[in-house]
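Have a look at final.pdb; it's PDB, C-alpha atoms:
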ATOM      1  CA  MET A 155      25.343  18.139 -22.401
ATOM      2  CA  LYS A 156      23.701  14.739 -22.041
ATOM      3  CA  ILE A 157      24.043  12.750 -18.857
ATOM      4  CA  LYS A 158      23.035   9.124 -18.523
ATOM      5  CA  VAL A 159      21.375   8.352 -15.253
ATOM      6  CA  THR A 160      19.487   5.417 -13.846
ATOM      7  CA  THR A 161      17.589   6.919 -10.999
ATOM      8  CA  LYS A 162      14.421   5.403  -9.693
ATOM      9  CA  ILE A 163      11.510   7.759  -9.316
ATOM     10  CA  LEU A 164       9.509   6.913  -6.252
ATOM     11  CA  ASP A 165       6.063   8.133  -5.710
ATOM     12  CA  ALA A 166       6.437  10.975  -3.170
ATOM     13  CA  ASN A 167       4.146   8.943  -0.910
ATOM     14  CA  ASP A 168       6.447   5.911  -1.140
ATOM     15  CA  ARG A 169       9.407   8.059  -0.110
ATOM     16  CA  ILE A 170       7.627   9.293   3.039
ATOM     17  CA  ALA A 171       6.441   5.720   3.719
ATOM     18  CA  GLU A 172      10.085   4.579   3.673
ATOM     19  CA  GLU A 173      10.960   7.341   6.157
ATOM     20  CA  ASN A 174       8.090   6.239   8.426
ATOM     21  CA  LYS A 175       9.328   2.672   8.214
ATOM     22  CA  LYS A 176      12.763   3.745   9.449
ATOM     23  CA  ILE A 177      11.269   5.675  12.373
ATOM     24  CA  PHE A 178       9.148   2.661  13.376
ATOM     25  CA  LYS A 179      12.044   0.261  12.958
ATOM     26  CA  ASN A 180      14.321   2.405  15.118
ATOM     27  CA  ALA A 181      11.646   2.477  17.813
ATOM     28  CA  GLY A 182      11.304  -1.326  17.548
ATOM     29  CA  ILE A 183       7.654  -1.264  16.501
ATOM     30  CA  PHE A 184       5.909  -3.750  14.221
ATOM     31  CA  VAL A 185       3.324  -1.880  12.133
ATOM     32  CA  ILE A 186       0.130  -3.344  10.693
ATOM     33  CA  ASN A 187      -2.022  -1.586   8.096
ATOM     34  CA  LEU A 188      -5.579  -2.865   8.554
ATOM     35  CA  MET A 189      -7.878  -2.418   5.574
ATOM     36  CA  SER A 190     -11.411  -3.393   4.549
ATOM     37  CA  SER A 191     -14.756  -2.111   3.298
ATOM     38  CA  PRO A 192     -16.803   0.031   5.681
ATOM     39  CA  GLY A 193     -18.523  -2.200   8.242
ATOM     40  CA  ALA A 194     -16.433  -5.327   7.656
ATOM     41  CA  GLY A 195     -15.255  -5.234  11.282
ATOM     42  CA  LYS A 196     -11.903  -3.433  11.473
ATOM     43  CA  THR A 197     -12.561  -1.811  14.846
ATOM     44  CA  SER A 198     -14.256  -4.954  16.189
ATOM     45  CA  LEU A 199     -11.233  -7.035  15.179
ATOM     46  CA  LEU A 200      -8.948  -4.507  16.870
ATOM     47  CA  GLU A 201     -11.016  -4.658  20.079
ATOM     48  CA  ARG A 202     -10.887  -8.467  20.147
ATOM     49  CA  THR A 203      -7.196  -8.551  19.207
ATOM     50  CA  ILE A 204      -6.129  -5.931  21.756
ATOM     51  CA  GLN A 205      -8.094  -7.621  24.545
ATOM     52  CA  THR A 206      -6.336 -10.890  23.733
ATOM     53  CA  ILE A 207      -2.756  -9.653  23.399
ATOM     54  CA  LYS A 208      -2.447  -6.509  25.514
ATOM     55  CA  ASP A 209      -0.999  -8.350  28.520
ATOM     56  CA  LYS A 210       1.818  -9.734  26.348
ATOM     57  CA  VAL A 211       2.696  -6.762  24.130
ATOM     58  CA  LYS A 212       2.272  -3.007  24.206
ATOM     59  CA  VAL A 213      -0.176  -1.911  21.537
ATOM     60  CA  GLY A 214      -0.880   1.495  19.986
ATOM     61  CA  VAL A 215      -3.511   2.422  17.411
ATOM     62  CA  ILE A 216      -3.922   5.065  14.719
ATOM     63  CA  GLU A 217      -7.562   5.370  13.645
ATOM     64  CA  GLY A 218      -8.329   6.721  10.196
ATOM     65  CA  ASP A 219     -11.801   8.024   9.382
ATOM     66  CA  ILE A 220     -13.227  10.664   7.109
ATOM     67  CA  THR A 221     -14.806  12.309  10.132
ATOM     68  CA  GLY A 222     -15.627  11.647  13.788
ATOM     69  CA  THR A 223     -13.955  10.030  16.788
ATOM     70  CA  THR A 224     -16.257   7.033  17.413
ATOM     71  CA  ASP A 225     -13.586   4.432  16.645
ATOM     72  CA  ALA A 226     -10.876   6.107  18.723
ATOM     73  CA  GLU A 227     -13.285   6.244  21.681
ATOM     74  CA  ARG A 228     -13.918   2.484  21.367
ATOM     75  CA  ILE A 229     -10.168   1.813  21.393
ATOM     76  CA  GLU A 230      -9.485   4.265  24.235
ATOM     77  CA  ARG A 231     -11.823   2.263  26.503
ATOM     78  CA  LEU A 232      -9.324  -0.611  26.251
ATOM     79  CA  GLY A 233      -6.654   1.594  27.819
ATOM     80  CA  VAL A 234      -4.201   1.699  24.926
ATOM     81  CA  PRO A 235      -2.781   4.856  23.305
ATOM     82  CA  VAL A 236      -4.782   5.914  20.254
ATOM     83  CA  VAL A 237      -4.650   8.818  17.797
ATOM     84  CA  GLN A 238      -7.564   9.662  15.534
ATOM     85  CA  ILE A 239      -6.907  11.000  12.030
ATOM     86  CA  ASN A 240      -9.790  12.717  10.250
ATOM     87  CA  THR A 241      -9.069  12.773   6.531
ATOM     88  CA  GLU A 242     -11.902  15.277   5.917
ATOM     89  CA  GLY A 243     -12.908  13.694   2.651
ATOM     90  CA  ALA A 244      -9.899  11.662   1.559
ATOM     91  CA  CYS A 245     -10.766   8.012   0.945
ATOM     92  CA  HIS A 246      -7.509   6.524   2.315
ATOM     93  CA  LEU A 247      -4.654   7.241   4.720
ATOM     94  CA  ASP A 248      -1.360   8.361   3.186
ATOM     95  CA  ALA A 249       2.186   8.208   4.530
ATOM     96  CA  ASN A 250       2.275  11.881   5.452
ATOM     97  CA  MET A 251      -0.812  11.596   7.662
ATOM     98  CA  ILE A 252       0.844   8.698   9.498
ATOM     99  CA  ALA A 253       4.091  10.665   9.940
ATOM    100  CA  GLU A 254       2.106  13.440  11.655
ATOM    101  CA  ALA A 255      -0.069  11.130  13.766
ATOM    102  CA  ALA A 256       2.932   9.091  14.942
ATOM    103  CA  LYS A 257       4.322  12.216  16.647
ATOM    104  CA  ASP A 258       1.445  11.990  19.143
ATOM    105  CA  LEU A 259       2.175   8.374  20.114
ATOM    106  CA  PRO A 260       4.678   7.156  22.747
ATOM    107  CA  LEU A 261       6.642   5.249  20.080
ATOM    108  CA  ASN A 262       9.402   4.024  22.376
ATOM    109  CA  ASP A 263       6.835   2.369  24.657
ATOM    110  CA  LEU A 264       5.087   0.385  21.897
ATOM    111  CA  ASP A 265       5.642  -3.084  20.416
ATOM    112  CA  ILE A 266       2.829  -3.147  17.853
ATOM    113  CA  LEU A 267       1.096  -0.288  16.064
ATOM    114  CA  PHE A 268      -2.199  -0.964  14.315
ATOM    115  CA  ILE A 269      -3.193   1.539  11.643
ATOM    116  CA  GLU A 270      -6.896   1.253  10.920
ATOM    117  CA  ASN A 271      -7.366   2.607   7.420
ATOM    118  CA  VAL A 272     -10.442   4.371   6.058
ATOM    119  CA  GLY A 273     -13.174   1.873   5.133
ATOM    120  CA  ASN A 274     -12.651   1.339   1.402
ATOM    121  CA  LEU A 275     -11.695  -1.747  -0.585
ATOM    122  CA  VAL A 276      -9.951   0.225  -3.348
ATOM    123  CA  CYS A 277      -7.630   3.186  -2.637
ATOM    124  CA  PRO A 278      -5.965   2.129   0.660
ATOM    125  CA  ALA A 279      -4.337  -0.777  -1.240
ATOM    126  CA  GLU A 280      -2.457   1.734  -3.424
ATOM    127  CA  PHE A 281      -0.862   3.778  -0.647
ATOM    128  CA  LYS A 282       1.950   2.483   1.537
ATOM    129  CA  VAL A 283       2.070   4.124   4.937
ATOM    130  CA  GLY A 284       5.263   2.547   6.300
ATOM    131  CA  GLU A 285       3.763  -0.738   7.457
ATOM    132  CA  ASP A 286       5.441  -4.143   7.921
ATOM    133  CA  LEU A 287       2.284  -6.106   7.215
ATOM    134  CA  LYS A 288      -0.951  -5.458   5.337
ATOM    135  CA  VAL A 289      -3.971  -7.215   6.792
ATOM    136  CA  MET A 290      -7.394  -7.088   5.143
ATOM    137  CA  ILE A 291     -10.805  -8.118   6.354
ATOM    138  CA  LEU A 292     -13.602  -9.407   4.151
ATOM    139  CA  SER A 293     -16.890 -10.026   5.929
ATOM    140  CA  LEU A 294     -19.122 -12.788   4.591
ATOM    141  CA  THR A 295     -22.030 -10.399   4.053
ATOM    142  CA  GLU A 296     -20.042  -8.614   1.324
ATOM    143  CA  GLY A 297     -20.344 -11.612  -1.008
ATOM    144  CA  ASP A 298     -18.011 -14.109  -2.633
ATOM    145  CA  ASP A 299     -17.377 -12.044  -5.792
ATOM    146  CA  LYS A 300     -15.142  -9.487  -4.038
ATOM    147  CA  PRO A 301     -11.676 -11.000  -4.668
ATOM    148  CA  MET A 302     -12.153 -10.830  -8.445
ATOM    149  CA  LYS A 303     -13.789  -7.383  -8.312
ATOM    150  CA  TYR A 304     -11.194  -5.744  -6.046
ATOM    151  CA  PRO A 305      -8.084  -7.805  -6.829
ATOM    152  CA  LEU A 306      -5.411  -5.301  -5.797
ATOM    153  CA  MET A 307      -6.403  -5.364  -2.120
ATOM    154  CA  PHE A 308      -6.163  -9.184  -2.128
ATOM    155  CA  GLN A 309      -2.816  -9.098  -3.975
ATOM    156  CA  GLU A 310      -1.273  -6.488  -1.678
ATOM    157  CA  SER A 311      -2.347  -8.054   1.627
ATOM    158  CA  SER A 312      -0.438 -10.779   3.453
ATOM    159  CA  VAL A 313      -3.343 -11.783   5.662
ATOM    160  CA  LEU A 314      -7.054 -12.138   4.872
ATOM    161  CA  ILE A 315      -9.451 -12.258   7.824
ATOM    162  CA  LEU A 316     -12.871 -13.667   6.892
ATOM    163  CA  ASN A 317     -15.117 -12.058   9.483
ATOM    164  CA  LYS A 318     -18.755 -12.713  10.479
ATOM    165  CA  ILE A 319     -18.168 -16.443  10.042
ATOM    166  CA  ASP A 320     -21.015 -16.993  12.575
ATOM    167  CA  LEU A 321     -23.436 -15.933   9.813
ATOM    168  CA  LYS A 322     -22.364 -18.512   7.250
ATOM    169  CA  ASP A 323     -25.464 -20.677   7.557
ATOM    170  CA  TYR A 324     -27.715 -17.701   6.905
ATOM    171  CA  LEU A 325     -26.016 -16.376   3.780
ATOM    172  CA  ASP A 326     -25.760 -17.460   0.144
ATOM    173  CA  VAL A 327     -22.027 -17.029   0.169
ATOM    174  CA  ASP A 328     -19.495 -19.582  -1.045
ATOM    175  CA  ILE A 329     -16.556 -19.441   1.381
ATOM    176  CA  GLU A 330     -14.526 -21.916  -0.662
ATOM    177  CA  LYS A 331     -14.873 -19.642  -3.708
ATOM    178  CA  ILE A 332     -13.596 -16.664  -1.698
ATOM    179  CA  LYS A 333     -10.587 -18.718  -0.588
ATOM    180  CA  LYS A 334      -9.895 -20.162  -4.037
ATOM    181  CA  ASP A 335     -10.077 -16.814  -5.857
ATOM    182  CA  SER A 336      -8.030 -15.065  -3.163
ATOM    183  CA  LEU A 337      -5.291 -17.696  -3.300
ATOM    184  CA  ASN A 338      -5.281 -17.556  -7.106
ATOM    185  CA  LEU A 339      -4.605 -13.831  -6.889
ATOM    186  CA  ASN A 340      -2.102 -14.243  -4.080
ATOM    187  CA  PRO A 341      -0.842 -17.779  -3.386
ATOM    188  CA  LYS A 342       0.989 -16.636  -0.219
ATOM    189  CA  LEU A 343      -2.110 -15.153   1.421
ATOM    190  CA  LYS A 344      -2.721 -16.410   4.980
ATOM    191  CA  ILE A 345      -6.449 -16.818   5.657
ATOM    192  CA  PHE A 346      -8.242 -16.853   9.036
ATOM    193  CA  GLU A 347     -11.960 -17.441   9.616
ATOM    194  CA  VAL A 348     -13.162 -15.423  12.580
ATOM    195  CA  SER A 349     -16.221 -13.996  14.235
ATOM    196  CA  CYS A 350     -15.600 -10.805  16.148
ATOM    197  CA  LYS A 351     -19.091 -11.247  17.622
ATOM    198  CA  THR A 352     -18.581 -14.700  19.169
ATOM    199  CA  GLY A 353     -14.778 -14.662  19.385
ATOM    200  CA  GLN A 354     -14.432 -17.741  17.136
ATOM    201  CA  GLY A 355     -11.016 -17.937  15.454
ATOM    202  CA  ILE A 356      -9.575 -14.930  17.317
ATOM    203  CA  ASN A 357      -7.028 -17.048  19.205
ATOM    204  CA  GLU A 358      -5.701 -18.653  15.998
ATOM    205  CA  TRP A 359      -5.220 -15.191  14.479
ATOM    206  CA  THR A 360      -3.550 -13.636  17.544
ATOM    207  CA  GLU A 361      -1.281 -16.642  18.085
ATOM    208  CA  TRP A 362      -0.168 -16.471  14.455
ATOM    209  CA  LEU A 363       0.329 -12.719  14.822
ATOM    210  CA  LEU A 364       2.493 -12.981  17.944
ATOM    211  CA  THR A 365       4.679 -15.751  16.520
ATOM    212  CA  ASN A 366       5.078 -14.291  13.040
ATOM    213  CA  ILE A 367       5.933 -10.708  13.812
ATOM    214  CA  SER A 368       9.398  -9.725  14.774
ATOM    215  CA  TRP A 369      10.185  -6.763  16.908
ATOM    216  CA  LYS A 370      13.162  -5.867  18.972
ATOM    217  CA  LYS A 371      13.478  -2.972  21.332
ATOM    218  CA  PRO A 372      16.794  -1.170  20.759
TER     219      PRO A 372
ATOM    220  CA  MET B  81      -2.771   6.553 -10.314
ATOM    221  CA  HIS B  82      -0.808   9.325  -8.666
ATOM    222  CA  GLU B  83       0.734  11.193 -11.584
ATOM    223  CA  VAL B  84       0.999  14.531  -9.753
ATOM    224  CA  SER B  85       2.864  12.944  -6.876
ATOM    225  CA  ILE B  86       5.165  11.125  -9.331
ATOM    226  CA  ALA B  87       5.794  14.275 -11.416
ATOM    227  CA  SER B  88       6.707  16.212  -8.288
ATOM    228  CA  GLU B  89       9.156  13.504  -7.241
ATOM    229  CA  LEU B  90      10.520  13.299 -10.809
ATOM    230  CA  ILE B  91      11.357  17.017 -10.795
ATOM    231  CA  ARG B  92      12.907  16.773  -7.320
ATOM    232  CA  VAL B  93      15.138  13.808  -8.258
ATOM    233  CA  ALA B  94      16.109  15.292 -11.664
ATOM    234  CA  THR B  95      17.117  18.585 -10.038
ATOM    235  CA  LEU B  96      19.273  16.715  -7.497
ATOM    236  CA  GLU B  97      20.993  14.755 -10.306
ATOM    237  CA  CYS B  98      21.532  17.959 -12.300
ATOM    238  CA  ASN B  99      23.079  19.820  -9.348
ATOM    239  CA  LYS B 100      25.170  16.805  -8.359
ATOM    240  CA  ASN B 101      26.810  16.935 -11.798
ATOM    241  CA  GLY B 102      27.570  20.666 -11.440
ATOM    242  CA  TYR B 103      24.804  22.067 -13.658
ATOM    243  CA  ASN B 104      21.740  24.157 -12.934
ATOM    244  CA  LYS B 105      19.422  23.910 -15.922
ATOM    245  CA  ILE B 106      17.606  20.910 -17.391
ATOM    246  CA  SER B 107      16.462  20.994 -21.015
ATOM    247  CA  SER B 108      15.172  17.438 -21.375
ATOM    248  CA  ILE B 109      14.407  14.403 -19.237
ATOM    249  CA  LYS B 110      13.869  10.920 -20.626
ATOM    250  CA  VAL B 111      11.984   8.479 -18.427
ATOM    251  CA  ALA B 112      11.135   4.786 -18.745
ATOM    252  CA  ILE B 113       7.634   3.976 -17.519
ATOM    253  CA  GLY B 114       6.463   0.374 -17.325
ATOM    254  CA  LYS B 115       2.900  -0.263 -18.452
ATOM    255  CA  ALA B 116       2.184  -2.222 -15.280
ATOM    256  CA  THR B 117       2.739   0.853 -13.095
ATOM    257  CA  GLY B 118      -0.692   2.195 -13.992
ATOM    258  CA  VAL B 119       0.908   5.582 -14.716
ATOM    259  CA  MET B 120      -0.881   7.331 -17.567
ATOM    260  CA  PRO B 121       1.660   9.117 -19.819
ATOM    261  CA  ASP B 122      -0.728  11.957 -20.729
ATOM    262  CA  ALA B 123      -1.534  12.655 -17.090
ATOM    263  CA  LEU B 124       2.178  12.552 -16.175
ATOM    264  CA  LEU B 125       3.045  15.009 -18.968
ATOM    265  CA  PHE B 126       0.279  17.339 -17.880
ATOM    266  CA  ALA B 127       1.382  17.248 -14.233
ATOM    267  CA  PHE B 128       5.048  17.696 -15.207
ATOM    268  CA  ASN B 129       4.299  20.781 -17.332
ATOM    269  CA  VAL B 130       2.312  22.385 -14.517
ATOM    270  CA  LEU B 131       4.788  21.596 -11.740
ATOM    271  CA  LYS B 132       8.038  22.412 -13.603
ATOM    272  CA  GLU B 133       7.478  26.194 -13.423
ATOM    273  CA  GLY B 134      10.014  27.927 -11.213
ATOM    274  CA  THR B 135      12.317  24.874 -11.063
ATOM    275  CA  ALA B 136      15.581  23.977 -12.825
ATOM    276  CA  ALA B 137      13.415  21.975 -15.235
ATOM    277  CA  GLU B 138      11.288  25.006 -16.150
ATOM    278  CA  SER B 139      12.007  24.768 -19.887
ATOM    279  CA  ALA B 140      12.585  21.008 -19.973
ATOM    280  CA  ILE B 141      10.712  18.655 -22.236
ATOM    281  CA  LEU B 142       9.690  15.265 -20.875
ATOM    282  CA  VAL B 143      10.174  12.233 -23.118
ATOM    283  CA  ILE B 144       8.362   9.092 -22.014
ATOM    284  CA  GLU B 145       9.450   5.659 -23.156
ATOM    285  CA  GLU B 146       6.846   3.020 -22.359
ATOM    286  CA  ILE B 147       8.029  -0.454 -21.341
ATOM    287  CA  PRO B 148       5.680  -3.313 -22.261
ATOM    288  CA  ILE B 149       4.560  -5.837 -19.665
ATOM    289  CA  LYS B 150       6.227  -9.213 -19.512
ATOM    290  CA  GLY B 151       4.924 -11.856 -17.143
ATOM    291  CA  PHE B 152       6.114 -15.256 -15.994
ATOM    292  CA  CYS B 153       3.557 -17.887 -15.022
ATOM    293  CA  GLU B 154       4.524 -19.757 -11.857
ATOM    294  CA  LYS B 155       2.156 -22.586 -12.749
ATOM    295  CA  CYS B 156       3.019 -23.484 -16.352
ATOM    296  CA  LYS B 157       6.463 -21.795 -16.249
ATOM    297  CA  LYS B 158       5.936 -19.875 -19.494
ATOM    298  CA  GLU B 159       6.805 -16.266 -20.221
ATOM    299  CA  PHE B 160       4.278 -14.068 -21.990
ATOM    300  CA  GLU B 161       3.886 -10.513 -23.214
ATOM    301  CA  GLY B 162       1.395  -7.764 -23.627
ATOM    302  CA  ASN B 163      -1.285  -8.381 -21.036
ATOM    303  CA  ASN B 164      -2.637  -4.857 -20.811
ATOM    304  CA  SER B 165      -4.644  -4.993 -17.654
ATOM    305  CA  TYR B 166      -3.296  -2.859 -14.855
ATOM    306  CA  ILE B 167      -4.254  -5.011 -11.919
ATOM    307  CA  VAL B 168      -5.056  -8.603 -12.835
ATOM    308  CA  PHE B 169      -2.300 -10.466 -14.611
ATOM    309  CA  GLN B 170      -3.545 -13.737 -15.948
ATOM    310  CA  CYS B 171      -1.495 -16.329 -17.804
ATOM    311  CA  PRO B 172      -2.772 -16.527 -21.406
ATOM    312  CA  PHE B 173      -1.775 -20.219 -21.603
ATOM    313  CA  CYS B 174      -3.211 -21.799 -18.463
ATOM    314  CA  GLU B 175      -5.341 -18.892 -17.102
ATOM    315  CA  SER B 176      -3.572 -19.002 -13.753
ATOM    316  CA  PHE B 177      -3.299 -15.796 -11.704
ATOM    317  CA  SER B 178      -0.014 -16.886 -10.119
ATOM    318  CA  VAL B 179       1.978 -14.576 -12.323
ATOM    319  CA  ASN B 180       5.136 -12.629 -11.614
ATOM    320  CA  VAL B 181       5.672  -9.394 -13.472
ATOM    321  CA  VAL B 182       9.141  -9.621 -15.039
ATOM    322  CA  SER B 183       9.107  -6.189 -16.650
ATOM    323  CA  GLY B 184       6.601  -3.365 -16.805
ATOM    324  CA  LYS B 185       6.971  -1.959 -13.300
ATOM    325  CA  GLU B 186       9.822   0.427 -14.173
ATOM    326  CA  LEU B 187       9.669   4.048 -13.135
ATOM    327  CA  ASN B 188      13.120   5.441 -13.909
ATOM    328  CA  ILE B 189      14.904   8.500 -15.213
ATOM    329  CA  ILE B 190      17.291   7.200 -17.889
ATOM    330  CA  GLU B 191      18.766  10.301 -19.520
ATOM    331  CA  MET B 192      18.852  14.055 -19.027
ATOM    332  CA  GLU B 193      20.163  17.015 -21.002
ATOM    333  CA  VAL B 194      21.635  19.618 -18.695
ATOM    334  CA  SER B 195      23.543  22.876 -19.033
ATOM    335  CA  ASP B 196      25.115  25.621 -16.953
ATOM    336  CA  GLU B 197      23.352  28.936 -17.177
ATOM    337  CA  ASN B 198      23.697  31.992 -14.991
TER     338      ASN B 198
END
Translate this file's structure into structure tokens.
Amino acid sequence: MKIKVTTKILDANDRIAEENKKIFKNAGIFVINLMSSPGAGKTSLLERTIQTIKDKVKVGVIEGDITGTTDAERIERLGVPVVQINTEGACHLDANMIAEAAKDLPLNDLDILFIENVGNLVCPAEFKVGEDLKVMILSLTEGDDKPMKYPLMFQESSVLILNKIDLKDYLDVDIEKIKKDSLNLNPKLKIFEVSCKTGQGINEWTEWLLTNISWKKP
Amino acid sequence: MHEVSIASELIRVATLECNKNGYNKISSIKVAIGKATGVMPDALLFAFNVLKEGTAAESAILVIEEIPIKGFCEKCKKEFEGNNSYIVFQCPFCESFSVNVVSGKELNIIEMEVSDEN
């Protein structure tokens, strides 16, 4: 016999991401998925951000890399809980990896969890991991053509951090073009200009972060 | 896109629906796939036919109905059809990128043929 149904098919990854989101919500954690190309400054931004906010909120980090523990070691020096995921070839983190890694974190003691994705401007944008906010970094040295070449990342993110702003006088890069193209793709995008080297703009970003996230311990 | 992951979820959800209605065998599944999902019908069919073995949908055929993309431009407030690009949706009238996808993101099971077989 025929039955009429209207059932949504979720990507299996989306289903696990929803489960992660529930776990994080129940633990009262605000989760940020941090994405960018390799070398744009994800770990440097985390170091600056954690140093600035760690006295006000309890931060945890999941580090995603194809191999190695360099990034987790940098974060560990700041005295916050960190778990390293090695994807062993995969070009992005998926929801299942986060579900496993989260088991090794003291979830009930955290306010904010940063998930540093694998350096890649393409695939991470396609996989939800259970985050509340997607933040991307574009460093000026990557060039001003990136929003139109990798539009999905700019459309999916809520925040764009323009890093290495201290180099702007040395580069043939049009910052206004980056902003204009990004906002065309995503009119709600919030943009910050920072330098993780000099610390410029870090306070504006962290102040925005602390006032715009909502978390409540149960 | 992630056709294997979607096919696996499709079979899981269809089996649940089938059992919920008191049946245990699926002979056909009709799905609506929006063109803005980036799901390739051929790749989904291939994945479905590989993954269905040993499930209630083992002998099921998959029928895919494609839903065209419709967009609404937030700038010039016009609706338009048929922009084929998977990622960038641009208004054909004013070339703005501030476009909302009105239809084309569907990924639904709409009809199934089921039976009871022991």
Please enumerate the residues selected by the PyMOL selection byres ((chain A) within 6 of (chain B)) when evaluated against the supplied file, formatted as a PDB file with C-alpha atoms, in the frame of the given file.
ATOM      1  CA  MET A 155      25.343  18.139 -22.401  1.00  0.00           C
ATOM      2  CA  LYS A 156      23.701  14.739 -22.041  1.00  0.00           C
ATOM      3  CA  ILE A 157      24.043  12.750 -18.857  1.00  0.00           C
ATOM      4  CA  LYS A 158      23.035   9.124 -18.523  1.00  0.00           C
ATOM      5  CA  VAL A 159      21.375   8.352 -15.253  1.00  0.00           C
ATOM      6  CA  THR A 160      19.487   5.417 -13.846  1.00  0.00           C
ATOM      7  CA  THR A 161      17.589   6.919 -10.999  1.00  0.00           C
ATOM      8  CA  LYS A 162      14.421   5.403  -9.693  1.00  0.00           C
ATOM      9  CA  ILE A 163      11.510   7.759  -9.316  1.00  0.00           C
ATOM     10  CA  ASP A 165       6.063   8.133  -5.710  1.00  0.00           C
ATOM     11  CA  ALA A 166       6.437  10.975  -3.170  1.00  0.00           C
ATOM     12  CA  ASN A 338      -5.281 -17.556  -7.106  1.00  0.00           C
ATOM     13  CA  LEU A 339      -4.605 -13.831  -6.889  1.00  0.00           C
TER      14      LEU A 339
END
What is the CA of Thr135 (chain B) to CA of Thr95 (chain B) distance in Å?
8.0 Å
Mind pulling up the distance from CA of Met189 (chain A) to CA of Met290 (chain A)?
4.7 Å
Region 227-231 of chain A surroundings by all atoms listed in the file, 9 Å radius, close-in-sequence under 3 positions cut, as a list in words
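The residues satisfying every condition are Thr197, Leu200, Glu201, Ile204, Val215, Glu217, Thr223, Thr224, Val234, Pro235 and Val236 of chain A.
Within 7 Å of Pro148 (chain B), once all atoms listed in the file are used and residues closer than 3 positions along the same chain are dropped, the contacting residues are B:Gly114, B:Lys115, B:Gly162, B:Gly184.
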Generate a file of the selected residues that holds C-alpha atoms, formatted as a PDB file, in the coordinates of the input.
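selection-v6.pdb, written as the output of this step:
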ATOM      1  CA  GLY B 114       6.463   0.374 -17.325  1.00  0.00           C
ATOM      2  CA  LYS B 115       2.900  -0.263 -18.452  1.00  0.00           C
ATOM      3  CA  GLY B 162       1.395  -7.764 -23.627  1.00  0.00           C
ATOM      4  CA  GLY B 184       6.601  -3.365 -16.805  1.00  0.00           C
TER       5      GLY B 184
END
Could you write out as number ranges by chain the residues that the PyMOL selection byres ((chain A and resi 267) around 6) matches in the shown file?
A: 185, 213-215, 266, 268
Missing atoms in region 194-207 of chain A: can you complete it with N, CA and C atoms, as a CSV table (one decimal), in the frame of the given file?
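Output contents, as saved in result.csv:
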chain,number,residue,atom,x,y,z
A,194,ALA,N,-16.9,-3.9,7.7
A,194,ALA,CA,-16.4,-5.3,7.7
A,194,ALA,C,-16.0,-5.8,9.0
A,195,GLY,N,-15.6,-4.9,9.9
A,195,GLY,CA,-15.3,-5.2,11.3
A,195,GLY,C,-13.8,-4.9,11.7
A,196,LYS,N,-13.3,-3.8,11.1
A,196,LYS,CA,-11.9,-3.4,11.5
A,196,LYS,C,-11.8,-3.1,13.0
A,197,THR,N,-12.7,-2.2,13.4
A,197,THR,CA,-12.6,-1.8,14.8
A,197,THR,C,-12.9,-3.0,15.8
A,198,SER,N,-13.9,-3.8,15.4
A,198,SER,CA,-14.3,-5.0,16.2
A,198,SER,C,-13.1,-5.9,16.3
A,199,LEU,N,-12.4,-6.1,15.2
A,199,LEU,CA,-11.2,-7.0,15.2
A,199,LEU,C,-10.1,-6.5,16.1
A,200,LEU,N,-10.0,-5.1,16.0
A,200,LEU,CA,-8.9,-4.5,16.9
A,200,LEU,C,-9.3,-4.7,18.3
A,201,GLU,N,-10.6,-4.5,18.7
A,201,GLU,CA,-11.0,-4.7,20.1
A,201,GLU,C,-10.7,-6.1,20.6
A,202,ARG,N,-11.1,-7.1,19.8
A,202,ARG,CA,-10.9,-8.5,20.1
A,202,ARG,C,-9.4,-8.8,20.3
A,203,THR,N,-8.6,-8.3,19.3
A,203,THR,CA,-7.2,-8.6,19.2
A,203,THR,C,-6.5,-7.9,20.4
A,204,ILE,N,-6.8,-6.7,20.7
A,204,ILE,CA,-6.1,-5.9,21.8
A,204,ILE,C,-6.4,-6.6,23.1
A,205,GLN,N,-7.7,-7.0,23.3
A,205,GLN,CA,-8.1,-7.6,24.5
A,205,GLN,C,-7.3,-8.9,24.7
A,206,THR,N,-7.0,-9.6,23.6
A,206,THR,CA,-6.3,-10.9,23.7
A,206,THR,C,-4.8,-10.7,23.9
A,207,ILE,N,-4.2,-9.7,23.4
A,207,ILE,CA,-2.8,-9.7,23.4
A,207,ILE,C,-2.2,-8.6,24.3
